[in-house]
file entry-v6.cif (mmCIF, N, CA and C atoms)
data_query
loop_
_atom_site.label_atom_id
_atom_site.label_comp_id
_atom_site.auth_asym_id
_atom_site.auth_seq_id
_atom_site.Cartn_x
_atom_site.Cartn_y
_atom_site.Cartn_z
N MET A 1 -37.36 82.02 219.83
CA MET A 1 -36.90 80.68 219.47
C MET A 1 -37.80 80.16 218.37
N GLY A 2 -37.54 80.65 217.19
CA GLY A 2 -38.39 80.30 216.06
C GLY A 2 -38.21 78.87 215.61
N GLU A 3 -39.08 78.46 214.72
CA GLU A 3 -39.02 77.11 214.16
C GLU A 3 -37.77 76.92 213.31
N ARG A 4 -37.44 77.93 212.51
CA ARG A 4 -36.31 77.82 211.59
C ARG A 4 -35.06 78.50 212.10
N ARG A 5 -35.23 79.65 212.73
CA ARG A 5 -34.09 80.46 213.16
C ARG A 5 -34.30 80.95 214.58
N ILE A 6 -33.16 81.22 215.24
CA ILE A 6 -33.18 81.75 216.60
C ILE A 6 -32.32 83.00 216.61
N GLY A 7 -32.92 84.13 216.94
CA GLY A 7 -32.17 85.37 217.02
C GLY A 7 -31.55 85.51 218.40
N LEU A 8 -30.34 86.02 218.41
CA LEU A 8 -29.64 86.24 219.67
C LEU A 8 -29.23 87.71 219.78
N ALA A 9 -29.32 88.21 220.99
CA ALA A 9 -28.88 89.57 221.28
C ALA A 9 -28.09 89.53 222.58
N LEU A 10 -27.18 90.46 222.72
CA LEU A 10 -26.39 90.60 223.95
C LEU A 10 -26.50 92.03 224.43
N SER A 11 -26.31 92.21 225.73
CA SER A 11 -26.29 93.59 226.24
C SER A 11 -24.85 94.02 226.46
N ASP A 12 -24.69 95.32 226.61
CA ASP A 12 -23.39 95.85 226.99
C ASP A 12 -23.12 95.41 228.44
N PRO A 13 -21.87 95.50 228.89
CA PRO A 13 -21.54 95.03 230.25
C PRO A 13 -22.35 95.70 231.36
N SER A 14 -22.78 96.94 231.14
CA SER A 14 -23.55 97.61 232.20
C SER A 14 -25.04 97.26 232.16
N GLY A 15 -25.46 96.49 231.16
CA GLY A 15 -26.86 96.06 231.09
C GLY A 15 -27.83 97.15 230.72
N ILE A 16 -27.39 98.07 229.86
CA ILE A 16 -28.25 99.18 229.47
C ILE A 16 -28.78 99.02 228.05
N ILE A 17 -27.93 98.59 227.12
CA ILE A 17 -28.30 98.56 225.71
C ILE A 17 -28.16 97.15 225.14
N ALA A 18 -29.21 96.66 224.48
CA ALA A 18 -29.18 95.38 223.79
C ALA A 18 -28.73 95.60 222.35
N SER A 19 -27.94 94.67 221.84
CA SER A 19 -27.46 94.74 220.46
C SER A 19 -27.61 93.37 219.80
N PRO A 20 -27.82 93.36 218.47
CA PRO A 20 -27.91 92.07 217.78
C PRO A 20 -26.59 91.32 217.88
N TYR A 21 -26.67 90.01 218.01
CA TYR A 21 -25.46 89.20 218.09
C TYR A 21 -25.36 88.23 216.90
N ALA A 22 -26.38 87.39 216.72
CA ALA A 22 -26.31 86.38 215.66
C ALA A 22 -27.69 85.79 215.43
N THR A 23 -27.79 85.06 214.35
CA THR A 23 -28.97 84.22 214.08
C THR A 23 -28.47 82.80 213.92
N TRP A 24 -29.03 81.90 214.70
CA TRP A 24 -28.68 80.48 214.60
C TRP A 24 -29.81 79.74 213.92
N GLU A 25 -29.45 78.72 213.18
CA GLU A 25 -30.46 77.82 212.64
C GLU A 25 -31.08 77.09 213.83
N GLY A 26 -32.40 76.97 213.84
CA GLY A 26 -33.10 76.43 215.00
C GLY A 26 -33.55 74.99 214.87
N ARG A 27 -33.19 74.34 213.79
CA ARG A 27 -33.68 72.98 213.58
C ARG A 27 -33.04 71.96 214.51
N ASP A 28 -31.83 72.21 214.98
CA ASP A 28 -31.13 71.29 215.88
C ASP A 28 -31.45 71.62 217.33
N ARG A 29 -32.66 71.29 217.75
CA ARG A 29 -33.09 71.60 219.11
C ARG A 29 -32.27 70.86 220.17
N ASP A 30 -31.83 69.64 219.86
CA ASP A 30 -31.07 68.87 220.85
C ASP A 30 -29.72 69.50 221.16
N GLY A 31 -29.08 70.11 220.16
CA GLY A 31 -27.77 70.73 220.37
C GLY A 31 -27.83 72.15 220.90
N LEU A 32 -29.01 72.72 220.95
CA LEU A 32 -29.16 74.12 221.34
C LEU A 32 -28.70 74.41 222.77
N PRO A 33 -29.05 73.61 223.77
CA PRO A 33 -28.57 73.92 225.12
C PRO A 33 -27.04 73.96 225.22
N GLY A 34 -26.36 73.06 224.53
CA GLY A 34 -24.90 73.07 224.54
C GLY A 34 -24.32 74.30 223.88
N ARG A 35 -24.92 74.73 222.78
CA ARG A 35 -24.46 75.94 222.11
C ARG A 35 -24.67 77.16 223.00
N ILE A 36 -25.80 77.20 223.68
CA ILE A 36 -26.08 78.31 224.59
C ILE A 36 -25.10 78.29 225.76
N ARG A 37 -24.84 77.10 226.32
CA ARG A 37 -23.89 76.99 227.43
C ARG A 37 -22.50 77.49 227.00
N HIS A 38 -22.08 77.12 225.80
CA HIS A 38 -20.79 77.58 225.28
C HIS A 38 -20.77 79.10 225.15
N LEU A 39 -21.84 79.68 224.60
CA LEU A 39 -21.92 81.13 224.45
C LEU A 39 -21.90 81.84 225.79
N VAL A 40 -22.61 81.29 226.77
CA VAL A 40 -22.63 81.86 228.13
C VAL A 40 -21.21 81.92 228.70
N GLN A 41 -20.46 80.84 228.53
CA GLN A 41 -19.09 80.80 229.04
C GLN A 41 -18.18 81.75 228.26
N GLU A 42 -18.29 81.72 226.94
CA GLU A 42 -17.43 82.54 226.08
C GLU A 42 -17.63 84.04 226.32
N LYS A 43 -18.88 84.46 226.43
CA LYS A 43 -19.20 85.88 226.57
C LYS A 43 -19.43 86.31 228.02
N GLN A 44 -19.26 85.39 228.96
CA GLN A 44 -19.46 85.66 230.38
C GLN A 44 -20.83 86.28 230.66
N ILE A 45 -21.85 85.62 230.15
CA ILE A 45 -23.23 86.08 230.27
C ILE A 45 -23.74 85.79 231.68
N GLY A 46 -24.46 86.74 232.25
CA GLY A 46 -24.96 86.60 233.62
C GLY A 46 -26.38 86.12 233.72
N THR A 47 -27.19 86.31 232.68
CA THR A 47 -28.58 85.87 232.66
C THR A 47 -28.97 85.57 231.22
N VAL A 48 -29.69 84.49 231.02
CA VAL A 48 -30.25 84.18 229.71
C VAL A 48 -31.72 84.57 229.74
N VAL A 49 -32.14 85.33 228.73
CA VAL A 49 -33.52 85.77 228.63
C VAL A 49 -34.13 85.14 227.39
N ILE A 50 -35.26 84.47 227.58
CA ILE A 50 -35.96 83.79 226.49
C ILE A 50 -37.31 84.44 226.28
N GLY A 51 -37.65 84.71 225.03
CA GLY A 51 -38.96 85.25 224.72
C GLY A 51 -40.02 84.17 224.84
N LEU A 52 -41.12 84.52 225.46
CA LEU A 52 -42.24 83.60 225.66
C LEU A 52 -43.38 83.98 224.73
N PRO A 53 -43.74 83.07 223.81
CA PRO A 53 -44.80 83.39 222.85
C PRO A 53 -46.19 83.25 223.46
N ASN A 54 -46.64 84.28 224.13
CA ASN A 54 -47.98 84.28 224.71
C ASN A 54 -49.02 84.51 223.63
N ARG A 55 -50.20 83.98 223.85
CA ARG A 55 -51.30 84.23 222.93
C ARG A 55 -51.90 85.59 223.24
N THR A 56 -52.44 86.23 222.23
CA THR A 56 -53.00 87.57 222.43
C THR A 56 -54.27 87.55 223.29
N ASP A 57 -54.92 86.38 223.38
CA ASP A 57 -56.12 86.29 224.20
C ASP A 57 -55.81 85.91 225.65
N GLY A 58 -54.52 85.79 225.98
CA GLY A 58 -54.12 85.50 227.34
C GLY A 58 -54.14 84.03 227.72
N LYS A 59 -54.58 83.16 226.83
CA LYS A 59 -54.63 81.73 227.12
C LYS A 59 -53.26 81.10 226.90
N PHE A 60 -53.04 80.00 227.62
CA PHE A 60 -51.78 79.25 227.53
C PHE A 60 -51.74 78.48 226.22
N SER A 61 -50.65 78.60 225.48
CA SER A 61 -50.55 77.91 224.20
C SER A 61 -49.58 76.73 224.27
N GLU A 62 -49.71 75.82 223.32
CA GLU A 62 -48.81 74.68 223.23
C GLU A 62 -47.37 75.16 223.00
N LYS A 63 -47.20 76.17 222.17
CA LYS A 63 -45.88 76.72 221.87
C LYS A 63 -45.25 77.30 223.14
N ALA A 64 -46.04 77.99 223.95
CA ALA A 64 -45.52 78.53 225.21
C ALA A 64 -45.06 77.41 226.13
N ALA A 65 -45.78 76.30 226.14
CA ALA A 65 -45.39 75.15 226.96
C ALA A 65 -44.02 74.61 226.51
N GLU A 66 -43.79 74.56 225.21
CA GLU A 66 -42.49 74.11 224.68
C GLU A 66 -41.37 75.05 225.15
N PHE A 67 -41.62 76.34 225.09
CA PHE A 67 -40.60 77.31 225.48
C PHE A 67 -40.32 77.22 226.98
N ARG A 68 -41.37 77.02 227.78
CA ARG A 68 -41.18 76.89 229.22
C ARG A 68 -40.36 75.63 229.54
N ALA A 69 -40.64 74.56 228.83
CA ALA A 69 -39.87 73.32 229.03
C ALA A 69 -38.41 73.53 228.64
N PHE A 70 -38.18 74.26 227.56
CA PHE A 70 -36.81 74.55 227.14
C PHE A 70 -36.09 75.39 228.19
N ALA A 71 -36.77 76.38 228.74
CA ALA A 71 -36.18 77.21 229.79
C ALA A 71 -35.82 76.36 231.00
N GLU A 72 -36.68 75.43 231.37
CA GLU A 72 -36.38 74.54 232.50
C GLU A 72 -35.17 73.67 232.21
N GLU A 73 -35.07 73.18 230.98
CA GLU A 73 -33.91 72.38 230.58
C GLU A 73 -32.63 73.22 230.72
N LEU A 74 -32.67 74.46 230.25
CA LEU A 74 -31.50 75.33 230.38
C LEU A 74 -31.15 75.60 231.83
N ARG A 75 -32.16 75.81 232.66
CA ARG A 75 -31.90 76.06 234.09
C ARG A 75 -31.13 74.90 234.71
N GLY A 76 -31.40 73.69 234.23
CA GLY A 76 -30.69 72.52 234.74
C GLY A 76 -29.27 72.40 234.23
N LYS A 77 -28.95 73.11 233.16
CA LYS A 77 -27.62 72.99 232.55
C LYS A 77 -26.74 74.21 232.74
N LEU A 78 -27.31 75.30 233.21
CA LEU A 78 -26.54 76.54 233.38
C LEU A 78 -26.49 76.92 234.85
N ASP A 79 -25.44 77.61 235.23
CA ASP A 79 -25.29 78.08 236.61
C ASP A 79 -25.69 79.55 236.75
N ILE A 80 -26.52 80.03 235.83
CA ILE A 80 -26.98 81.42 235.85
C ILE A 80 -28.50 81.41 235.70
N PRO A 81 -29.14 82.53 236.05
CA PRO A 81 -30.59 82.60 235.89
C PRO A 81 -31.02 82.50 234.42
N VAL A 82 -32.15 81.86 234.20
CA VAL A 82 -32.80 81.81 232.89
C VAL A 82 -34.19 82.39 233.10
N GLU A 83 -34.44 83.53 232.47
CA GLU A 83 -35.71 84.23 232.66
C GLU A 83 -36.48 84.26 231.36
N MET A 84 -37.78 84.45 231.49
CA MET A 84 -38.65 84.52 230.32
C MET A 84 -39.41 85.84 230.34
N ILE A 85 -39.66 86.36 229.14
CA ILE A 85 -40.41 87.61 229.00
C ILE A 85 -41.30 87.50 227.77
N ASP A 86 -42.44 88.13 227.84
CA ASP A 86 -43.40 88.11 226.73
C ASP A 86 -42.75 88.62 225.45
N GLU A 87 -42.90 87.87 224.38
CA GLU A 87 -42.33 88.29 223.09
C GLU A 87 -43.41 88.67 222.08
N SER A 88 -44.61 88.89 222.56
CA SER A 88 -45.71 89.22 221.66
C SER A 88 -45.37 90.40 220.77
N TYR A 89 -45.63 90.24 219.50
CA TYR A 89 -45.48 91.28 218.47
C TYR A 89 -44.04 91.71 218.19
N THR A 90 -43.04 91.04 218.77
CA THR A 90 -41.66 91.49 218.56
C THR A 90 -41.22 91.31 217.10
N THR A 91 -41.69 90.27 216.44
CA THR A 91 -41.32 90.08 215.04
C THR A 91 -41.94 91.18 214.19
N VAL A 92 -43.18 91.54 214.47
CA VAL A 92 -43.84 92.63 213.75
C VAL A 92 -43.10 93.94 214.01
N MET A 93 -42.75 94.19 215.28
CA MET A 93 -42.02 95.42 215.61
C MET A 93 -40.66 95.45 214.92
N ALA A 94 -39.99 94.30 214.84
CA ALA A 94 -38.69 94.24 214.19
C ALA A 94 -38.82 94.56 212.70
N HIS A 95 -39.82 93.96 212.04
CA HIS A 95 -40.05 94.25 210.62
C HIS A 95 -40.32 95.73 210.40
N GLU A 96 -41.16 96.31 211.24
CA GLU A 96 -41.50 97.73 211.10
C GLU A 96 -40.29 98.63 211.31
N ALA A 97 -39.48 98.33 212.32
CA ALA A 97 -38.30 99.15 212.59
C ALA A 97 -37.32 99.09 211.42
N MET A 98 -37.13 97.91 210.87
CA MET A 98 -36.20 97.77 209.75
C MET A 98 -36.75 98.44 208.48
N LYS A 99 -38.05 98.34 208.30
CA LYS A 99 -38.68 98.98 207.14
C LYS A 99 -38.54 100.50 207.24
N GLU A 100 -38.80 101.04 208.44
CA GLU A 100 -38.66 102.49 208.65
C GLU A 100 -37.22 102.95 208.45
N ALA A 101 -36.27 102.06 208.73
CA ALA A 101 -34.85 102.39 208.57
C ALA A 101 -34.41 102.26 207.11
N GLY A 102 -35.34 101.84 206.24
CA GLY A 102 -35.04 101.74 204.82
C GLY A 102 -34.37 100.44 204.40
N MET A 103 -34.43 99.44 205.24
CA MET A 103 -33.80 98.17 204.92
C MET A 103 -34.61 97.42 203.86
N LYS A 104 -33.93 96.84 202.91
CA LYS A 104 -34.57 96.08 201.83
C LYS A 104 -35.22 94.82 202.39
N GLU A 105 -36.26 94.34 201.70
CA GLU A 105 -37.03 93.16 202.12
C GLU A 105 -36.15 91.94 202.38
N LYS A 106 -35.23 91.64 201.47
CA LYS A 106 -34.37 90.45 201.62
C LYS A 106 -33.54 90.55 202.90
N LYS A 107 -32.98 91.69 203.16
CA LYS A 107 -32.15 91.90 204.35
C LYS A 107 -33.01 91.82 205.62
N ARG A 108 -34.24 92.34 205.54
CA ARG A 108 -35.15 92.25 206.70
C ARG A 108 -35.43 90.80 207.06
N ARG A 109 -35.66 89.96 206.05
CA ARG A 109 -35.92 88.54 206.32
C ARG A 109 -34.72 87.88 207.00
N GLN A 110 -33.52 88.30 206.62
CA GLN A 110 -32.31 87.71 207.19
C GLN A 110 -32.07 88.16 208.63
N LYS A 111 -32.48 89.37 208.96
CA LYS A 111 -32.15 89.98 210.26
C LYS A 111 -33.30 90.04 211.25
N VAL A 112 -34.51 89.66 210.84
CA VAL A 112 -35.68 89.87 211.69
C VAL A 112 -35.56 89.17 213.04
N ASP A 113 -34.98 87.98 213.07
CA ASP A 113 -34.88 87.25 214.33
C ASP A 113 -33.91 87.92 215.30
N GLU A 114 -32.81 88.45 214.77
CA GLU A 114 -31.86 89.18 215.63
C GLU A 114 -32.49 90.45 216.18
N ILE A 115 -33.19 91.18 215.33
CA ILE A 115 -33.80 92.43 215.78
C ILE A 115 -34.92 92.15 216.78
N ALA A 116 -35.69 91.10 216.56
CA ALA A 116 -36.71 90.71 217.55
C ALA A 116 -36.05 90.35 218.87
N ALA A 117 -34.90 89.66 218.82
CA ALA A 117 -34.17 89.32 220.05
C ALA A 117 -33.70 90.58 220.76
N VAL A 118 -33.29 91.59 220.01
CA VAL A 118 -32.89 92.86 220.61
C VAL A 118 -34.08 93.49 221.33
N ILE A 119 -35.24 93.47 220.70
CA ILE A 119 -36.44 94.05 221.32
C ILE A 119 -36.79 93.31 222.60
N ILE A 120 -36.71 92.00 222.57
CA ILE A 120 -37.00 91.18 223.76
C ILE A 120 -36.02 91.50 224.88
N LEU A 121 -34.72 91.48 224.56
CA LEU A 121 -33.71 91.74 225.59
C LEU A 121 -33.81 93.17 226.11
N GLN A 122 -34.01 94.13 225.21
CA GLN A 122 -34.10 95.52 225.66
C GLN A 122 -35.30 95.72 226.58
N SER A 123 -36.39 95.06 226.26
CA SER A 123 -37.58 95.14 227.12
C SER A 123 -37.26 94.59 228.52
N TRP A 124 -36.56 93.47 228.57
CA TRP A 124 -36.17 92.89 229.85
C TRP A 124 -35.22 93.81 230.60
N LEU A 125 -34.23 94.35 229.89
CA LEU A 125 -33.29 95.28 230.53
C LEU A 125 -34.01 96.50 231.09
N ASP A 126 -34.95 97.02 230.33
CA ASP A 126 -35.69 98.21 230.76
C ASP A 126 -36.50 97.94 232.02
N THR A 127 -37.06 96.75 232.16
CA THR A 127 -37.82 96.44 233.38
C THR A 127 -36.91 96.31 234.58
N ARG A 128 -35.65 95.98 234.37
CA ARG A 128 -34.69 95.81 235.47
C ARG A 128 -34.14 97.12 236.00
N LYS A 129 -34.20 98.19 235.21
CA LYS A 129 -33.58 99.44 235.65
C LYS A 129 -34.59 100.48 236.10
N ARG A 130 -35.81 100.06 236.34
CA ARG A 130 -36.80 101.01 236.85
C ARG A 130 -36.39 101.47 238.23
N PRO A 131 -36.49 102.76 238.49
CA PRO A 131 -36.08 103.26 239.81
C PRO A 131 -37.04 102.78 240.91
N PHE A 132 -36.49 102.67 242.09
CA PHE A 132 -37.28 102.26 243.24
C PHE A 132 -38.22 103.41 243.63
N MET A 133 -39.48 103.08 243.78
CA MET A 133 -40.46 104.09 244.19
C MET A 133 -41.11 103.63 245.50
N PRO A 134 -40.86 104.35 246.60
CA PRO A 134 -41.43 103.94 247.91
C PRO A 134 -42.93 104.09 247.95
#

call {"tool": "encode", "arguments": {"input": "entry-v6.cif", "output": "structure tokens"}}
result
Amino acid sequence: MGERRIGLALSDPSGIIASPYATWEGRDRDGLPGRIRHLVQEKQIGTVVIGLPNRTDGKFSEKAAEFRAFAEELRGKLDIPVEMIDESYTTVMAHEAMKEAGMKEKKRRQKVDEIAAVIILQSWLDTRKRPFMP
């Protein structure tokens, strides 16, 4: 949930693969919960996953507090779970992945938020499908 843009990703119906969906302008914070609620209904989404910007030193940041408050607001407006997962370094990973794929700088700037959202969602999906170990 960047200052300027918000990347969105969706998973396939079986919850195995995350794919880029869209990039929304992030300046209209007040309208964001309604847009998310509409998307949840339109795409029949079962869980909303939000990246949590943790500090690398493990301390609680002001930005993380904003994201936690936003997640709480969404929980009050949606009838589905809203979960949070660490998003540390996802923007860097997204830039690197696109660079390795040969994507031009201008295109990387346009897509970085979506690709970071894919990394966040895929990470969450991967933690959900770990096999049970007695």

call {"tool": "select_by_dssp", "arguments": {"input": "entry-v6.cif", "residues": "stretch 17-94 of chain A", "states": "helix (DSSP H, G or I)", "output": "PyMOL selection string"}}
result
chain A and resi 32-43+62-77+90-94

call {"tool": "closest_residue", "arguments": {"input": "entry-v6.cif", "among": "A:Glu100, A:Glu66, A:Asp12, A:Asp30", "to": "A:Lys43", "atoms": "only C-alpha atoms"}}
result
A:Asp12

call {"tool": "atom_distance", "arguments": {"input": "entry-v6.cif", "atom1": "atom N of A:Thr90", "atom2": "atom C of A:Ile115"}}
result
8.4 Å

call {"tool": "resolve_selection", "arguments": {"input": "entry-v6.cif", "expression": "the PyMOL selection byres ((chain A and resi 114) around 7)", "output": "JSON, numbers by chain"}}
result
{"A": [6, 7, 8, 9, 19, 20, 21, 22, 23, 110, 111, 112, 113, 115, 116, 117, 118, 119]}

call {"tool": "atom_distance", "arguments": {"input": "entry-v6.cif", "atom1": "atom N of A:Arg128", "atom2": "atom C of A:Ile16"}}
result
9.8 Å

call {"tool": "atom_distance", "arguments": {"input": "entry-v6.cif", "atom1": "atom C of A:Ile85", "atom2": "atom CA of A:Gln44"}}
result
22.1 Å

call {"tool": "select_by_dssp", "arguments": {"input": "entry-v6.cif", "residues": "stretch 60-128 of chain A", "states": "strand (DSSP E or B)", "output": "VMD selection string"}}
result
chain A and resid 82 to 86

call {"tool": "resolve_selection", "arguments": {"input": "entry-v6.cif", "expression": "the PyMOL selection byres (((chain A and resi 46 and name CA) around 10) and name CA)", "output": "list of chain:residue names"}}
result
A:Pro13, A:Gly15, A:Val40, A:Gln41, A:Lys43, A:Gln44, A:Ile45, A:Thr47, A:Val48, A:Val49, A:Asp79, A:Ile80, A:Pro81, A:Val82

call {"tool": "resolve_selection", "arguments": {"input": "entry-v6.cif", "expression": "the PyMOL selection byres (((chain A and resi 53 and name CA) around 10) and name CA)", "output": "mmCIF file with N, CA and C atoms, in the frame of the given file"}}
result
data_model
loop_
_atom_site.group_PDB
_atom_site.id
_atom_site.type_symbol
_atom_site.label_atom_id
_atom_site.label_comp_id
_atom_site.auth_asym_id
_atom_site.auth_seq_id
_atom_site.Cartn_x
_atom_site.Cartn_y
_atom_site.Cartn_z
ATOM 1 N N MET A 1 -37.360 82.020 219.830
ATOM 2 C CA MET A 1 -36.900 80.680 219.470
ATOM 3 C C MET A 1 -37.800 80.160 218.370
ATOM 4 N N GLY A 2 -37.540 80.650 217.190
ATOM 5 C CA GLY A 2 -38.390 80.300 216.060
ATOM 6 C C GLY A 2 -38.210 78.870 215.610
ATOM 7 N N ILE A 50 -35.260 84.470 227.580
ATOM 8 C CA ILE A 50 -35.960 83.790 226.490
ATOM 9 C C ILE A 50 -37.310 84.440 226.280
ATOM 10 N N GLY A 51 -37.650 84.710 225.030
ATOM 11 C CA GLY A 51 -38.960 85.250 224.720
ATOM 12 C C GLY A 51 -40.020 84.170 224.840
ATOM 13 N N LEU A 52 -41.120 84.520 225.460
ATOM 14 C CA LEU A 52 -42.240 83.600 225.660
ATOM 15 C C LEU A 52 -43.380 83.980 224.730
ATOM 16 N N ASN A 54 -46.640 84.280 224.130
ATOM 17 C CA ASN A 54 -47.980 84.280 224.710
ATOM 18 C C ASN A 54 -49.020 84.510 223.630
ATOM 19 N N ARG A 55 -50.200 83.980 223.850
ATOM 20 C CA ARG A 55 -51.300 84.230 222.930
ATOM 21 C C ARG A 55 -51.900 85.590 223.240
ATOM 22 N N THR A 56 -52.440 86.230 222.230
ATOM 23 C CA THR A 56 -53.000 87.570 222.430
ATOM 24 C C THR A 56 -54.270 87.550 223.290
ATOM 25 N N PHE A 60 -53.040 80.000 227.620
ATOM 26 C CA PHE A 60 -51.780 79.250 227.530
ATOM 27 C C PHE A 60 -51.740 78.480 226.220
ATOM 28 N N SER A 61 -50.650 78.600 225.480
ATOM 29 C CA SER A 61 -50.550 77.910 224.200
ATOM 30 C C SER A 61 -49.580 76.730 224.270
ATOM 31 N N GLU A 62 -49.710 75.820 223.320
ATOM 32 C CA GLU A 62 -48.810 74.680 223.230
ATOM 33 C C GLU A 62 -47.370 75.160 223.000
ATOM 34 N N LYS A 63 -47.200 76.170 222.170
ATOM 35 C CA LYS A 63 -45.880 76.720 221.870
ATOM 36 C C LYS A 63 -45.250 77.300 223.140
ATOM 37 N N ALA A 64 -46.040 77.990 223.950
ATOM 38 C CA ALA A 64 -45.520 78.530 225.210
ATOM 39 C C ALA A 64 -45.060 77.410 226.130
ATOM 40 N N ALA A 65 -45.780 76.300 226.140
ATOM 41 C CA ALA A 65 -45.390 75.150 226.960
ATOM 42 C C ALA A 65 -44.020 74.610 226.510
ATOM 43 N N GLU A 66 -43.790 74.560 225.210
ATOM 44 C CA GLU A 66 -42.490 74.110 224.680
ATOM 45 C C GLU A 66 -41.370 75.050 225.150
ATOM 46 N N PHE A 67 -41.620 76.340 225.090
ATOM 47 C CA PHE A 67 -40.600 77.310 225.480
ATOM 48 C C PHE A 67 -40.320 77.220 226.980
ATOM 49 N N ARG A 68 -41.370 77.020 227.780
ATOM 50 C CA ARG A 68 -41.180 76.890 229.220
ATOM 51 C C ARG A 68 -40.360 75.630 229.540
ATOM 52 N N MET A 84 -37.780 84.450 231.490
ATOM 53 C CA MET A 84 -38.650 84.520 230.320
ATOM 54 C C MET A 84 -39.410 85.840 230.340
ATOM 55 N N ILE A 85 -39.660 86.360 229.140
ATOM 56 C CA ILE A 85 -40.410 87.610 229.000
ATOM 57 C C ILE A 85 -41.300 87.500 227.770
ATOM 58 N N ASP A 86 -42.440 88.130 227.840
ATOM 59 C CA ASP A 86 -43.400 88.110 226.730
ATOM 60 C C ASP A 86 -42.750 88.620 225.450
ATOM 61 N N GLU A 87 -42.900 87.870 224.380
ATOM 62 C CA GLU A 87 -42.330 88.290 223.090
ATOM 63 C C GLU A 87 -43.410 88.670 222.080
ATOM 64 N N SER A 88 -44.610 88.890 222.560
ATOM 65 C CA SER A 88 -45.710 89.220 221.660
ATOM 66 C C SER A 88 -45.370 90.400 220.770
ATOM 67 N N TYR A 89 -45.630 90.240 219.500
ATOM 68 C CA TYR A 89 -45.480 91.280 218.470
ATOM 69 C C TYR A 89 -44.040 91.710 218.190
ATOM 70 N N THR A 90 -43.040 91.040 218.770
ATOM 71 C CA THR A 90 -41.660 91.490 218.560
ATOM 72 C C THR A 90 -41.220 91.310 217.100
#

call {"tool": "closest_residue", "arguments": {"input": "entry-v6.cif", "among": "A:Ala18, A:Ile120, A:Ile36, A:Leu10", "to": "A:Met93", "atoms": "only C-alpha atoms"}}
result
A:Ile120
